[in-house]
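Colleague: Okay, so here is query_19.txt, and as you'll see once you scroll down, it has compact mmCIF, C-alpha atoms.
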# COMPACT_ATOMS: atom_id res chain seq x y z
CA MET A 1 155.41 90.09 110.03
CA VAL A 2 154.62 86.50 110.94
CA ASP A 3 153.10 86.01 107.50
CA LEU A 4 156.26 87.29 105.90
CA ALA A 5 158.42 84.96 107.99
CA ILE A 6 156.26 81.98 107.02
CA PHE A 7 156.41 83.01 103.39
CA ILE A 8 160.19 83.34 103.40
CA THR A 9 160.57 80.03 105.21
CA LEU A 10 158.37 78.28 102.66
CA LEU A 11 160.28 79.92 99.85
CA ALA A 12 163.63 78.86 101.29
CA LEU A 13 162.40 75.34 102.01
CA GLY A 14 160.94 75.07 98.52
CA TYR A 15 164.16 76.25 97.00
CA GLY A 16 166.47 74.08 99.11
CA ILE A 17 164.53 70.86 98.90
CA GLY A 18 163.42 71.45 95.31
CA GLN A 19 166.95 72.03 94.05
CA TYR A 20 168.30 69.06 95.97
CA ALA A 21 165.60 66.77 94.60
CA GLU A 22 166.14 68.06 91.08
CA LYS A 23 169.88 67.45 91.14
CA ARG A 24 169.37 63.95 92.47
CA HIS A 25 166.69 63.19 89.93
CA TYR A 26 168.84 64.34 87.03
CA ARG A 27 171.68 62.11 88.21
CA SER A 28 169.34 59.15 88.27
CA ILE A 29 167.85 60.04 84.86
CA LEU A 30 171.26 60.26 83.20
CA GLU A 31 172.33 56.97 84.71
CA ARG A 32 169.22 55.08 83.61
CA GLU A 33 169.21 56.68 80.17
CA ALA A 34 172.70 55.38 79.59
CA LYS A 35 171.66 51.95 80.80
CA LEU A 36 168.58 51.75 78.56
CA ASN A 37 170.19 53.35 75.53
CA PHE A 38 170.46 49.93 73.86
CA LEU A 39 166.67 49.95 73.49
CA PRO A 40 165.76 52.40 70.71
CA ALA A 41 162.60 54.43 71.17
CA ILE A 42 161.46 55.50 67.71
CA ALA A 43 158.76 57.98 66.79
CA VAL A 44 158.08 56.38 63.36
CA ARG A 45 154.63 54.84 63.08
CA PHE A 46 155.55 51.93 60.81
CA PRO A 47 157.63 49.12 62.24
CA PRO A 48 160.04 47.23 59.99
CA PRO A 49 158.12 44.59 57.97
CA GLU A 50 160.61 41.82 58.63
CA PRO A 51 160.95 39.89 60.88
CA HIS A 52 157.46 39.61 62.33
CA TYR A 53 157.70 41.02 65.80
CA ALA A 54 155.17 40.40 68.49
CA GLN A 55 153.71 43.71 69.60
CA ALA A 56 152.64 45.09 72.96
CA LEU A 57 151.55 48.45 74.26
CA VAL A 58 154.04 49.89 76.72
CA TYR A 59 153.65 53.09 78.67
CA GLY A 60 155.19 55.06 81.46
CA SER A 61 153.70 57.96 83.31
CA THR A 62 154.82 60.51 85.87
CA VAL A 63 152.88 63.04 87.85
CA VAL A 64 154.82 66.11 88.86
CA SER A 65 153.96 68.91 91.17
CA VAL A 66 155.84 72.09 91.73
CA ASP A 67 157.62 73.40 94.80
CA TYR A 68 156.70 76.67 96.51
CA PHE A 69 159.73 78.50 95.21
CA LYS A 70 159.14 77.59 91.58
CA ARG A 71 155.48 78.40 91.87
CA PHE A 72 156.28 81.85 93.20
CA VAL A 73 158.87 82.58 90.51
CA ALA A 74 156.43 81.34 87.83
CA ALA A 75 153.73 83.60 89.25
CA LEU A 76 156.13 86.53 88.93
CA ARG A 77 156.75 85.45 85.34
CA ASN A 78 153.03 85.84 84.74
CA LEU A 79 153.52 89.54 85.35
CA PHE A 80 156.22 90.08 82.78
CA GLY A 81 155.86 87.25 80.30
CA GLY A 82 158.69 85.27 78.77
CA ARG A 83 160.11 81.80 79.29
CA VAL A 84 159.00 80.19 82.51
CA MET A 85 162.47 78.79 83.05
CA VAL A 86 161.77 77.20 86.40
CA TYR A 87 159.09 74.99 84.88
CA GLU A 88 161.22 73.93 81.94
CA SER A 89 163.49 71.73 83.97
CA LEU A 90 160.52 70.33 85.85
CA LEU A 91 158.76 69.20 82.68
CA ASP A 92 161.99 68.05 81.11
CA ARG A 93 162.44 65.72 84.06
CA ALA A 94 158.84 64.53 83.84
CA ARG A 95 159.10 63.68 80.13
CA ARG A 96 162.36 61.84 80.49
CA GLU A 97 161.18 59.96 83.56
CA ALA A 98 158.01 58.87 81.75
CA LEU A 99 160.01 57.63 78.77
CA LEU A 100 162.40 55.78 81.07
CA ARG A 101 159.53 54.03 82.82
CA MET A 102 158.10 53.05 79.46
CA LYS A 103 161.46 51.71 78.36
CA ALA A 104 161.81 49.78 81.59
CA GLN A 105 158.48 48.14 80.88
CA ALA A 106 159.57 47.31 77.35
CA GLU A 107 162.83 45.87 78.64
CA ALA A 108 160.92 43.67 81.05
CA LEU A 109 158.92 42.32 78.10
CA GLY A 110 162.16 41.54 76.30
CA ALA A 111 161.48 44.07 73.56
CA LYS A 112 164.01 44.90 70.86
CA MET A 113 162.72 48.42 70.33
CA VAL A 114 159.70 50.61 70.84
CA PHE A 115 157.88 52.24 67.93
CA ASN A 116 155.34 54.96 67.49
CA ILE A 117 156.31 56.78 70.67
CA LYS A 118 153.85 59.45 71.77
CA TYR A 119 153.72 61.86 74.67
CA GLU A 120 150.67 63.19 76.33
CA THR A 121 150.51 65.85 79.00
CA MET A 122 147.51 66.67 81.08
CA SER A 123 146.93 69.06 83.89
CA ILE A 124 145.36 67.42 86.89
CA SER A 125 144.21 70.50 88.74
CA LYS A 126 143.12 72.41 85.68
CA GLY A 127 140.79 75.27 86.47
CA ALA A 128 140.58 74.51 90.16
CA ARG A 129 141.59 77.46 92.29
CA GLN A 130 143.62 77.22 95.47
CA THR A 131 145.14 73.89 94.52
CA VAL A 132 148.73 73.12 93.78
CA GLY A 133 149.14 72.57 90.08
CA SER A 134 150.32 69.17 88.97
CA VAL A 135 150.74 67.58 85.58
CA GLU A 136 150.81 64.05 84.35
CA VAL A 137 153.19 63.21 81.54
CA LEU A 138 152.45 59.95 79.77
CA ALA A 139 154.73 58.30 77.24
CA TYR A 140 153.49 55.31 75.30
CA GLY A 141 154.43 53.27 72.29
CA THR A 142 154.40 49.86 70.68
CA ALA A 143 157.03 47.47 71.94
CA LEU A 144 158.39 45.11 69.30
CA ILE A 145 159.25 41.78 70.84
CA GLU A 146 161.30 39.24 68.93
CA PRO A 147 159.19 36.13 68.39
CA HIS A 148 160.48 33.03 70.12
CA ALA A 149 162.41 30.87 67.74
CA MET B 1 167.36 48.70 58.89
CA LYS B 2 169.23 49.62 62.01
CA TYR B 3 167.58 51.74 64.66
CA SER B 4 169.32 53.53 67.47
CA ASN B 5 168.88 56.52 69.77
CA PRO B 6 171.68 59.05 69.59
CA ARG B 7 172.91 60.66 72.80
CA ILE B 8 171.35 64.09 72.89
CA PRO B 9 173.43 66.81 74.53
CA GLU B 10 172.14 68.00 77.91
CA GLY B 11 170.41 71.30 78.45
CA ILE B 12 168.51 71.66 75.17
CA ASN B 13 165.09 71.83 76.74
CA THR B 14 166.09 73.67 79.87
CA SER B 15 167.78 76.99 80.38
CA LYS B 16 171.13 77.54 81.96
CA ARG B 17 170.05 80.51 84.03
CA HIS B 18 170.21 79.90 87.75
CA ALA B 19 166.85 79.78 89.52
CA LEU B 20 168.01 82.35 92.06
CA THR B 21 169.08 84.79 89.35
CA GLU B 22 165.67 84.40 87.78
CA PHE B 23 164.06 85.00 91.16
CA ALA B 24 166.15 88.08 91.89
CA VAL B 25 165.45 89.67 88.51
CA LEU B 26 161.71 88.99 88.66
CA ALA B 27 161.21 89.93 92.31
CA GLY B 28 163.26 93.09 91.85
CA GLY B 29 161.23 94.03 88.79
CA ALA B 30 157.96 93.34 90.56
CA LEU B 31 158.94 95.43 93.58
CA LEU B 32 160.02 98.26 91.35
CA LEU B 33 156.74 98.08 89.47
CA ILE B 34 154.71 98.04 92.68
CA ALA B 35 156.64 101.00 94.08
CA LEU B 36 156.19 102.93 90.85
CA VAL B 37 152.49 102.20 90.50
CA GLY B 38 151.96 102.93 94.20
CA TRP B 39 153.75 106.24 93.88
CA VAL B 40 151.81 107.28 90.79
CA LEU B 41 148.48 106.24 92.31
CA GLY B 42 149.32 107.88 95.63
CA SER B 43 150.30 111.18 94.05
CA THR B 44 147.27 111.16 91.79
CA GLY B 45 144.94 110.34 94.66
CA GLY B 46 146.56 112.98 96.83
CA TYR B 47 146.37 115.57 94.07
CA LEU B 48 142.71 114.87 93.39
CA ALA B 49 141.86 114.88 97.11
CA ARG B 50 143.45 118.30 97.45
CA GLN B 51 140.96 119.64 94.91
CA LEU B 52 138.04 118.85 97.20
CA PRO B 53 136.68 122.00 98.83
CA PHE B 54 137.37 122.23 102.55
CA GLU B 55 133.66 122.43 103.49
CA TYR B 56 133.12 119.07 101.85
CA GLU B 57 135.77 117.49 104.08
CA ALA B 58 133.82 118.32 107.20
CA SER B 59 130.80 116.33 106.06
CA LEU B 60 132.94 113.19 105.79
CA VAL B 61 133.82 113.02 109.47
CA PRO B 62 131.62 110.85 111.69
CA GLU B 63 130.22 113.01 114.52
CA SER B 64 130.84 110.37 117.18
CA LEU B 65 134.55 110.71 116.69
CA LEU B 66 134.67 114.25 117.91
CA GLN B 67 132.87 114.25 121.21
CA SER B 68 135.05 116.18 123.55
CA ASP B 69 135.57 114.97 127.12
CA ALA B 70 137.06 118.28 128.15
CA SER B 71 135.49 120.22 130.98
CA GLU B 72 134.59 123.83 130.27
CA PRO B 73 137.80 125.38 131.65
CA LEU B 74 140.06 122.85 129.91
CA GLN B 75 138.34 123.40 126.59
CA ARG B 76 138.61 127.17 127.04
CA TYR B 77 142.30 126.83 127.85
CA LEU B 78 143.00 124.62 124.82
CA ASP B 79 141.01 126.90 122.54
CA ARG B 80 142.94 129.91 123.80
CA LEU B 81 146.24 128.17 123.06
CA ALA B 82 145.01 127.12 119.63
CA ASN B 83 143.75 130.57 118.76
CA ARG B 84 147.05 132.18 119.73
CA LEU B 85 148.85 129.73 117.46
CA ILE B 86 146.34 130.08 114.62
CA ALA B 87 146.86 133.85 114.69
CA GLU B 88 150.54 133.20 113.92
CA MET B 89 149.94 130.54 111.25
CA GLU B 90 148.75 131.10 107.73
CA VAL B 91 145.31 129.58 108.16
CA PRO B 92 143.04 130.30 105.19
CA GLU B 93 139.86 132.24 105.88
CA ASP B 94 137.48 129.38 105.15
CA MET B 95 139.32 126.92 107.36
CA ASP B 96 137.85 126.21 110.77
CA VAL B 97 140.02 124.39 113.26
CA ARG B 98 138.09 122.53 115.94
CA LEU B 99 139.93 121.16 118.92
CA SER B 100 138.54 118.18 120.84
CA PHE B 101 139.88 116.37 123.85
CA SER B 102 139.49 112.69 124.66
CA GLY B 103 139.87 111.42 128.21
CA GLU B 104 141.12 108.06 126.94
CA ASP B 105 144.53 106.77 127.92
CA THR B 106 145.72 106.54 124.30
CA PHE B 107 149.18 108.00 123.73
CA ASN B 108 148.25 109.90 120.64
CA ALA B 109 146.97 113.07 119.00
CA PHE B 110 145.81 113.51 115.46
CA ALA B 111 144.38 115.86 112.89
CA THR B 112 141.63 114.58 110.68
CA LEU B 113 139.22 115.84 108.04
CA GLY B 114 137.32 119.09 108.33
CA GLY B 115 139.92 120.78 110.51
CA ASN B 116 139.25 118.53 113.48
CA VAL B 117 142.08 117.95 115.89
CA LEU B 118 141.80 115.40 118.67
CA LEU B 119 144.15 115.31 121.65
CA TYR B 120 144.23 112.30 123.95
CA ARG B 121 144.77 112.55 127.67
CA GLY B 122 147.36 109.73 127.42
CA LEU B 123 149.77 111.99 125.57
CA THR B 124 148.69 115.40 126.87
CA GLU B 125 149.15 114.63 130.56
CA GLN B 126 152.76 113.56 129.97
CA LEU B 127 153.80 116.92 128.60
CA PRO B 128 156.04 118.91 130.94
CA HIS B 129 154.91 122.46 130.12
CA GLU B 130 152.71 124.63 127.96
CA ASN B 131 155.37 125.14 125.30
CA ALA B 132 155.38 121.42 124.50
CA LEU B 133 151.58 121.37 124.47
CA SER B 134 151.57 124.36 122.09
CA MET B 135 154.05 122.58 119.86
CA LEU B 136 151.73 119.56 119.76
CA ILE B 137 148.64 121.61 118.96
CA ALA B 138 150.52 123.68 116.38
CA HIS B 139 151.82 120.52 114.75
CA GLU B 140 148.30 119.16 114.32
CA ILE B 141 146.95 122.52 113.13
CA ALA B 142 149.76 122.60 110.57
CA HIS B 143 148.51 119.25 109.24
CA VAL B 144 145.07 120.82 108.83
CA VAL B 145 146.48 123.89 107.10
CA HIS B 146 148.55 121.73 104.73
CA ARG B 147 145.40 119.61 104.15
CA ASP B 148 147.37 116.48 104.97
CA PRO B 149 144.38 114.46 106.23
CA ILE B 150 142.41 114.63 102.99
CA VAL B 151 145.56 114.09 100.94
CA GLY B 152 146.45 111.09 103.12
CA ILE B 153 142.99 109.63 102.64
CA GLY B 154 143.10 110.32 98.91
CA ARG B 155 146.42 108.50 98.63
CA ALA B 156 145.30 105.57 100.74
CA ALA B 157 141.99 105.28 98.90
CA ALA B 158 143.63 105.29 95.46
CA ILE B 159 146.09 102.58 96.46
CA GLN B 160 143.45 100.56 98.29
CA LEU B 161 141.17 100.74 95.27
CA ALA B 162 143.91 99.58 92.92
CA VAL B 163 144.86 96.71 95.24
CA SER B 164 141.29 95.49 95.58
CA LEU B 165 140.66 95.77 91.85
CA PHE B 166 143.86 93.88 91.18
CA LEU B 167 142.91 91.14 93.62
CA GLY B 168 139.49 90.95 92.02
CA ASP B 169 137.67 91.85 95.20
CA PRO B 170 136.57 95.43 94.83
CA ASN B 171 136.01 96.84 98.27
CA LEU B 172 134.78 100.32 97.62
CA SER B 173 133.74 101.02 101.17
CA VAL B 174 137.17 102.37 102.10
CA LEU B 175 135.79 105.75 102.96
CA GLY B 176 133.07 104.24 105.11
CA SER B 177 135.29 102.70 107.75
CA ALA B 178 135.99 104.77 110.83
CA GLY B 179 139.57 103.51 111.15
CA ILE B 180 140.66 105.59 108.24
CA TYR B 181 139.93 108.82 110.11
CA THR B 182 141.91 107.97 113.20
CA GLN B 183 144.79 106.04 111.73
CA LEU B 184 145.88 108.32 108.97
CA HIS B 185 149.45 107.91 107.98
CA PHE B 186 151.24 110.97 106.84
CA SER B 187 154.44 110.86 104.90
CA ARG B 188 157.72 111.98 106.39
CA GLU B 189 157.68 115.08 104.21
CA MET B 190 154.28 116.00 105.63
CA GLU B 191 155.51 115.49 109.19
CA GLY B 192 158.65 117.51 108.54
CA ALA B 193 156.65 120.37 107.05
CA ALA B 194 154.20 120.30 109.96
CA ASP B 195 157.09 120.39 112.44
CA ALA B 196 158.59 123.41 110.70
CA ALA B 197 155.30 125.32 110.59
CA ALA B 198 154.56 124.46 114.21
CA LEU B 199 157.98 125.60 115.34
CA ALA B 200 157.56 128.92 113.56
CA ALA B 201 154.21 129.42 115.31
CA VAL B 202 155.63 128.52 118.73
CA ASN B 203 158.49 130.93 118.17
CA ALA B 204 156.06 133.69 117.24
CA VAL B 205 153.92 133.11 120.33
CA TYR B 206 156.63 132.70 122.96
CA GLY B 207 159.48 134.61 121.36
CA HIS B 208 161.71 131.51 121.49
CA VAL B 209 161.53 127.81 120.66
CA ALA B 210 162.80 126.47 123.97
CA GLY B 211 160.70 123.57 125.21
CA ALA B 212 159.31 122.71 121.81
CA GLN B 213 161.63 119.76 121.49
CA ASP B 214 160.40 118.47 124.86
CA LEU B 215 157.37 117.18 122.95
CA PHE B 216 159.61 114.82 121.03
CA ALA B 217 161.59 113.97 124.13
CA THR B 218 158.31 112.88 125.76
CA ILE B 219 157.46 110.75 122.74
CA GLN B 220 160.93 109.24 122.71
CA VAL B 221 160.73 108.32 126.40
CA LYS B 222 157.38 106.65 125.79
CA ARG B 223 158.70 104.81 122.79
CA GLU B 224 161.66 103.49 124.72
CA LYS B 225 159.35 102.34 127.50
CA THR B 226 156.97 100.47 125.20
CA GLY B 227 159.87 99.05 123.21
CA THR B 228 160.43 99.42 119.52
CA GLY B 229 158.02 96.62 118.71
CA GLU B 230 154.98 98.76 119.24
CA PRO B 231 155.47 102.45 118.69
CA ALA B 232 152.52 104.71 119.41
CA ALA B 233 150.30 104.48 116.37
CA ILE B 234 150.53 107.97 115.01
CA PHE B 235 154.23 108.34 115.51
CA SER B 236 155.19 105.20 113.64
CA SER B 237 155.41 107.06 110.36
CA HIS B 238 156.97 110.10 111.90
CA PRO B 239 160.62 110.73 111.20
CA LEU B 240 162.89 109.27 113.83
CA ASP B 241 162.83 111.32 117.01
CA ARG B 242 166.52 112.06 116.81
CA GLN B 243 166.23 113.30 113.25
CA ARG B 244 163.31 115.48 114.24
CA LEU B 245 165.24 116.99 117.10
CA GLU B 246 168.16 117.69 114.78
CA ALA B 247 165.80 119.19 112.19
CA ILE B 248 164.38 121.50 114.85
CA THR B 249 167.80 122.64 115.94
CA SER B 250 168.91 123.37 112.41
CA LEU B 251 165.61 125.12 111.63
CA ALA B 252 166.05 127.35 114.66
CA GLU B 253 169.61 128.12 113.61
CA GLU B 254 168.57 128.87 110.05
CA HIS B 255 165.90 131.35 111.11
CA GLY B 256 167.91 132.78 113.94
CA TRP B 257 165.30 131.75 116.52
CA VAL B 258 166.26 131.85 120.17
CA THR B 259 166.56 128.32 121.56
CA THR B 260 166.69 129.22 125.24
CA GLY B 261 164.15 130.96 127.37
CA PRO B 262 161.71 130.42 130.20
CA THR B 263 159.04 127.81 129.58
CA GLN B 264 155.46 128.54 130.51
CA PRO B 265 154.18 126.14 133.16
CA LEU B 266 150.83 124.43 132.69
CA PRO B 267 147.94 125.88 134.74
CA ALA B 268 147.72 124.69 138.35
CA GLU B 269 144.35 123.04 137.69
CA PHE B 270 145.72 121.06 134.75
CA THR B 271 146.10 117.77 136.66
CA SER B 272 142.55 117.93 137.98
CA TRP B 273 141.25 118.73 134.47
CA MET B 274 142.95 115.58 133.28
CA GLU B 275 141.34 113.54 136.04
CA GLN B 276 137.90 114.96 135.24
CA ALA B 277 138.34 114.12 131.54
CA ALA B 278 139.41 110.58 132.41
CA LEU B 279 136.33 110.17 134.59
CA LYS B 280 134.07 111.50 131.86
CA ALA B 281 135.61 109.16 129.30
CA GLY B 282 135.00 106.28 131.71
CA GLN B 283 131.34 107.22 132.07
CA ASN B 284 130.82 107.57 128.33
CA ARG B 285 132.25 104.15 127.73
Could you take the file, read its structure, and then write that structure out as structure tokens?
Modeller:
Amino acid sequence: MVDLAIFITLLALGYGIGQYAEKRHYRSILEREAKLNFLPAIAVRFPPPEPHYAQALVYGSTVVSVDYFKRFVAALRNLFGGRVMVYESLLDRARREALLRMKAQAEALGAKMVFNIKYETMSISKGARQTVGSVEVLAYGTALIEPHA
Amino acid sequence: MKYSNPRIPEGINTSKRHALTEFAVLAGGALLLIALVGWVLGSTGGYLARQLPFEYEASLVPESLLQSDASEPLQRYLDRLANRLIAEMEVPEDMDVRLSFSGEDTFNAFATLGGNVLLYRGLTEQLPHENALSMLIAHEIAHVVHRDPIVGIGRAAAIQLAVSLFLGDPNLSVLGSAGIYTQLHFSREMEGAADAAALAAVNAVYGHVAGAQDLFATIQVKREKTGTGEPAAIFSSHPLDRQRLEAITSLAEEHGWVTTGPTQPLPAEFTSWMEQAALKAGQNR
């Protein structure tokens, strides 16, 4: 009985706090994306030949973990299969946050644009039992900085 | 060349479905699945257990469980009651019912494998008259006749096995633990059927069913005293007392059994038998 109460409390806490944090994070993401939209992030590997830009590696990374509620719902998903919807928003946030951090770095360098954008995702707790799963999402690219006249 | 990032519409990489909807659908499905699998396993286990020959059951019971604390006259008295009831119940030829008495203060009575019935002083000494005691004994004998103990163990073992296999920790020693013999849980259907059979036997012995419901009244009083938080172990899966009382009344009506009549008092020495059994239990401990 006590176990059940603890479980439900954790579930409710996970849901409440998780949803609140997610809403807030999305607000901040949208705001910063609009602000940094002037800085194009391009997946193409070859930068324009002219003019000769200075180049620098820029990257941004986020590490996300998952709340109790989402973990439980995802575990239930394991039973039936299908889209793990609760994780989709989590990873969407992580990718966008990583890109935003990368762009912020590029902006600080005075870059015009960032080329050859790549994402990498790695699981931190892979294979380890009894640990809370967390993932790092890394976005990196080549910042093209206008040479000083 | 001009480079720019278009504004991508929101919600392409995420789904619109609310997290709580997702939770409700999945949790509901999982519960349904568990209930279904549990039911199938339970029925299969129960069915298979029923196929075991009765003689085999007896060899499964640990001897230590059935040491009787009853003095000679008490045991004779209980056996006489049991035999009168057995004569009125449809007990198969090969089925031996063995009645034991424990001097412990436990408020309980149970039937277990091999036709063994154990009464505890804690419950027995609270009963107001012989009719209630007969009802109790008949109820437990009915469990034996219906083979509820082995079916209960079969069900529990099948489910336990599935759970431990699922959790990756196969614990196959279910049948080895003593707890399983004393804390059998019977389903409501089993309890209802045992009540009905017991009532028929009591009616046949005494010519009426008056006093039979006093058994449940005694249990109810005890339950109210201990509070709902901790009902006496064996009665926790029993149908609610009120429902049982109603079921008895309607059964009696249905069969045209007389519901009033004189109740048989317990023997004068009964209280001293109880004290002797308590003493003996204390010494054995």
Colleague: Tell me, in Å to one decimal, how far CA of Phe69 (chain A) is from CA of Gly29 (chain B).
Modeller: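 So the answer is 16.9 Å.
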Colleague: Taking into account only C-alpha atoms, which residue in the set A:Leu11, A:Arg77, A:Val44, A:Val66 is nearest to chain B?
Modeller: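 For chain B, the nearest of the given residues is A:Arg77.
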Colleague: What separation in Å, quoted to one decimal, exists between CA of Lys103 (chain A) and CA of Ala43 (chain A)?
Modeller: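 Straight-line distance from CA of Lys103 (chain A) to CA of Ala43 (chain A) works out to 13.4 Å.
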Colleague: Distance cut-off 8 Å, counting all atoms listed in the file - which residues of chain A neighbour chain B? Return them as a list of chain:residue names.
Modeller: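 On the chain A side, the interface is A:Asn37, A:Phe38, A:Leu39, A:Pro40, A:Ala41, A:Ile42, A:Pro48, A:Val73, A:Leu76, A:Arg77, A:Leu79, A:Met85, A:Val86, A:Glu88, A:Ser89, A:Asp92.
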Colleague: Calculate how many Å separate CA of Met95 (chain B) from CA of Phe107 (chain B), rounding to one decimal.
Modeller: 26.9 Å
Colleague: Check the smallest atom-to-atom distance from each of B:Gly42, B:Pro128, B:Gly122, B:Gly114 to Arg147 (chain B) using all atoms listed in the file, then report the winner.
Modeller: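 Looking only at the distances to Arg147 (chain B), the closest residue turns out to be B:Gly114.
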Colleague: Given the choices A:Ile17, A:Ala74, A:Ala104, A:Met1, which gets closest to Lys35 (chain A) if the distance is worked out from all atoms listed in the file?
Modeller: A:Ala104
Colleague: I'd like the contact shell of Ala138 (chain B) - 8 Å cut-off, all atoms listed in the file, skipping same-chain residues fewer than 4 positions apart - returned as a ChimeraX atom specification.
Modeller: /B:82,85-86,134,142,197-199,201-202
